[in-house]
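Enquirer: I am attaching a structure below and will ask some questions about it afterwards.
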Amino acid sequence: MKTYICEICGDAYLGEGKPTSCPFCGARQAFIKEGKDAKPVVEVKEDLSELTKKNLQETLQLEIEANAIYLCMAGKTDSYEVMKMYKRLAKVELEHAVICTKILQIPMPEVKPELCSDAVLENFQKTLELEDHAATLYGQFAKEAIERHVKIMFTALNQVELDHITLIKNYLA
Ligand SMILES: [Fe+2]
Ligand SMILES: [Fe+2]
């Protein structure tokens, strides 16, 4: 067994090989490094441009809301699998929020409960909308970032949200 470290969230994964994506933040395998080689973006303490600070704040808000919405959705299904899937999604989005607070070097804001539909299909559709919005936004933020570590972070998050779209579409197929 070896120690692998995610270059995005900085969490360690202990296993026989790299997972296909980070179990904590969802970053794809390319961002997971052998422990000795890892330089996670959350460890970079640099001054940030005003635009980057604004984009990270917007991301932080979106991720906190997504966490609360997905926890609501987890409670609206009779399927054990779908309930567990939404609980994991909620944790992944909360991890994204934590990444933002670490790069911004600010405390975690309070997470307030959010509402969601009682209908599972509506919740899947809403999830697709949220993930599509986030993916588009993070693609744009990656382009706008002048700081290398922030560009890497938004590139990774853009891919994670695209992977979430694939995940939900599999339930709708
Ligand atoms: Fe990660
Ligand atoms: Fe996210």
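Residue numbering restarts at 1 for every chain of the structure tokens, chains are lettered A, B, ... in their displayed order, and ligands are numbered from 1 as they appear.
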For ligand 2, list the contacting residues at 8 Å or closer, counting only C-alpha atoms and all ligand atoms, as a PyMOL selection string.

Expert: chain A and resi 62-63+66+92-97+131+134+157+160-161

Enquirer: Include C-alpha atoms and write out the residues we just selected as an mmCIF file, in the first residue's frame.

Expert:
data_model
loop_
_atom_site.group_PDB
_atom_site.id
_atom_site.type_symbol
_atom_site.label_atom_id
_atom_site.label_comp_id
_atom_site.auth_asym_id
_atom_site.auth_seq_id
_atom_site.Cartn_x
_atom_site.Cartn_y
_atom_site.Cartn_z
ATOM 1 C CA LEU A 62 -22.191 28.098 -5.157
ATOM 2 C CA GLU A 63 -20.515 25.106 -3.520
ATOM 3 C CA ALA A 66 -24.905 22.884 -3.715
ATOM 4 C CA VAL A 92 -17.598 16.590 -2.679
ATOM 5 C CA GLU A 93 -19.159 20.051 -3.109
ATOM 6 C CA LEU A 94 -18.366 20.902 0.518
ATOM 7 C CA GLU A 95 -14.754 19.890 -0.174
ATOM 8 C CA HIS A 96 -14.768 22.348 -3.101
ATOM 9 C CA ALA A 97 -15.934 25.048 -0.690
ATOM 10 C CA GLU A 131 -23.623 21.250 -12.434
ATOM 11 C CA ALA A 134 -20.813 25.429 -12.285
ATOM 12 C CA LEU A 157 -13.201 21.642 -10.676
ATOM 13 C CA VAL A 160 -15.352 17.319 -11.675
ATOM 14 C CA GLU A 161 -18.655 19.087 -12.362
#

Enquirer: Ligand 1: which residues are within 8 Å, counting only C-alpha atoms and all ligand atoms, as a tab-separated table (two decimals) with N, CA and C atoms, in the first residue's frame?

Expert:
chain	number	residue	atom	x	y	z
A	5	ILE	N	-1.42	11.62	-2.89
A	5	ILE	CA	-1.99	12.90	-2.43
A	5	ILE	C	-2.60	13.65	-3.61
A	6	CYS	N	-3.81	14.16	-3.37
A	6	CYS	CA	-4.52	14.93	-4.40
A	6	CYS	C	-3.92	16.34	-4.45
A	7	GLU	N	-3.54	16.77	-5.66
A	7	GLU	CA	-2.93	18.09	-5.81
A	7	GLU	C	-3.95	19.22	-5.74
A	8	ILE	N	-5.22	18.87	-5.69
A	8	ILE	CA	-6.25	19.91	-5.61
A	8	ILE	C	-6.66	20.11	-4.15
A	9	CYS	N	-7.21	19.07	-3.51
A	9	CYS	CA	-7.68	19.24	-2.12
A	9	CYS	C	-6.61	18.96	-1.08
A	10	GLY	N	-5.53	18.27	-1.50
A	10	GLY	CA	-4.44	17.98	-0.57
A	10	GLY	C	-4.69	16.78	0.33
A	11	ASP	N	-5.81	16.08	0.12
A	11	ASP	CA	-6.09	14.92	0.97
A	11	ASP	C	-5.30	13.69	0.50
A	21	SER	N	-10.44	8.82	-9.60
A	21	SER	CA	-10.63	10.23	-9.23
A	21	SER	C	-10.49	10.34	-7.72
A	22	CYS	N	-10.21	11.57	-7.25
A	22	CYS	CA	-10.02	11.77	-5.81
A	22	CYS	C	-11.33	11.47	-5.08
A	23	PRO	N	-11.30	10.59	-4.07
A	23	PRO	CA	-12.54	10.25	-3.34
A	23	PRO	C	-13.10	11.45	-2.57
A	24	PHE	N	-12.30	12.48	-2.37
A	24	PHE	CA	-12.72	13.62	-1.53
A	24	PHE	C	-13.23	14.80	-2.35
A	25	CYS	N	-12.45	15.24	-3.35
A	25	CYS	CA	-12.87	16.40	-4.15
A	25	CYS	C	-13.27	16.01	-5.56
A	26	GLY	N	-13.03	14.76	-5.96
A	26	GLY	CA	-13.44	14.31	-7.29
A	26	GLY	C	-12.46	14.62	-8.40
A	27	ALA	N	-11.34	15.27	-8.10
A	27	ALA	CA	-10.36	15.61	-9.15
A	27	ALA	C	-9.92	14.34	-9.88
A	31	PHE	N	-4.49	14.49	-11.41
A	31	PHE	CA	-4.16	15.39	-10.31
A	31	PHE	C	-3.73	14.64	-9.05
A	32	ILE	N	-3.74	13.30	-9.11
A	32	ILE	CA	-3.35	12.53	-7.93
A	32	ILE	C	-1.90	12.08	-8.11

Enquirer: Tell me, as an MDAnalysis selection string, which residues lie within 8 Å of region 110-120 of chain A, counting only C-alpha atoms; anything in the same chain fewer than 4 positions away does not count.

Expert: chainID A and resid 64:65 68:69 72:73 76:77 124

Enquirer: Write to file, as a tab-separated table (two decimals), in the first residue's frame, the residues of the selection just made, with N, CA and C atoms.

Expert:
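Written output follows (result-v8.tsv):
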chain	number	residue	atom	x	y	z
A	64	ILE	N	-21.30	25.90	-1.37
A	64	ILE	CA	-22.02	25.78	-0.10
A	64	ILE	C	-23.50	25.52	-0.35
A	65	GLU	N	-24.07	26.24	-1.33
A	65	GLU	CA	-25.48	26.05	-1.66
A	65	GLU	C	-25.71	24.66	-2.24
A	68	ALA	N	-25.89	22.05	0.48
A	68	ALA	CA	-27.17	22.04	1.20
A	68	ALA	C	-28.30	21.48	0.32
A	69	ILE	N	-28.30	21.84	-0.97
A	69	ILE	CA	-29.34	21.35	-1.88
A	69	ILE	C	-29.23	19.83	-2.03
A	72	CYS	N	-30.58	18.04	0.90
A	72	CYS	CA	-32.05	18.02	0.81
A	72	CYS	C	-32.50	16.92	-0.14
A	73	MET	N	-31.87	16.85	-1.30
A	73	MET	CA	-32.26	15.85	-2.32
A	73	MET	C	-32.04	14.42	-1.81
A	76	LYS	N	-35.08	12.98	-0.27
A	76	LYS	CA	-36.33	12.94	-1.05
A	76	LYS	C	-36.48	11.69	-1.92
A	77	THR	N	-35.62	10.72	-1.75
A	77	THR	CA	-35.69	9.55	-2.61
A	77	THR	C	-35.90	8.27	-1.80
A	124	PHE	N	-33.15	15.58	-10.19
A	124	PHE	CA	-32.11	15.24	-11.16
A	124	PHE	C	-31.93	16.37	-12.17

Enquirer: As an exercise, work out the distance from CA of Pro19 (chain A) to CA of Ala142 (chain A) in Å and give it to one decimal place.

Expert: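 Between these atoms lies a distance of 24.3 Å.
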
Enquirer: CA of Ala90 (chain A) and CA of Leu48 (chain A), how far apart in Å?

Expert: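 So the two atoms, CA of Leu48 (chain A) and CA of Ala90 (chain A), lie 27.5 Å apart.
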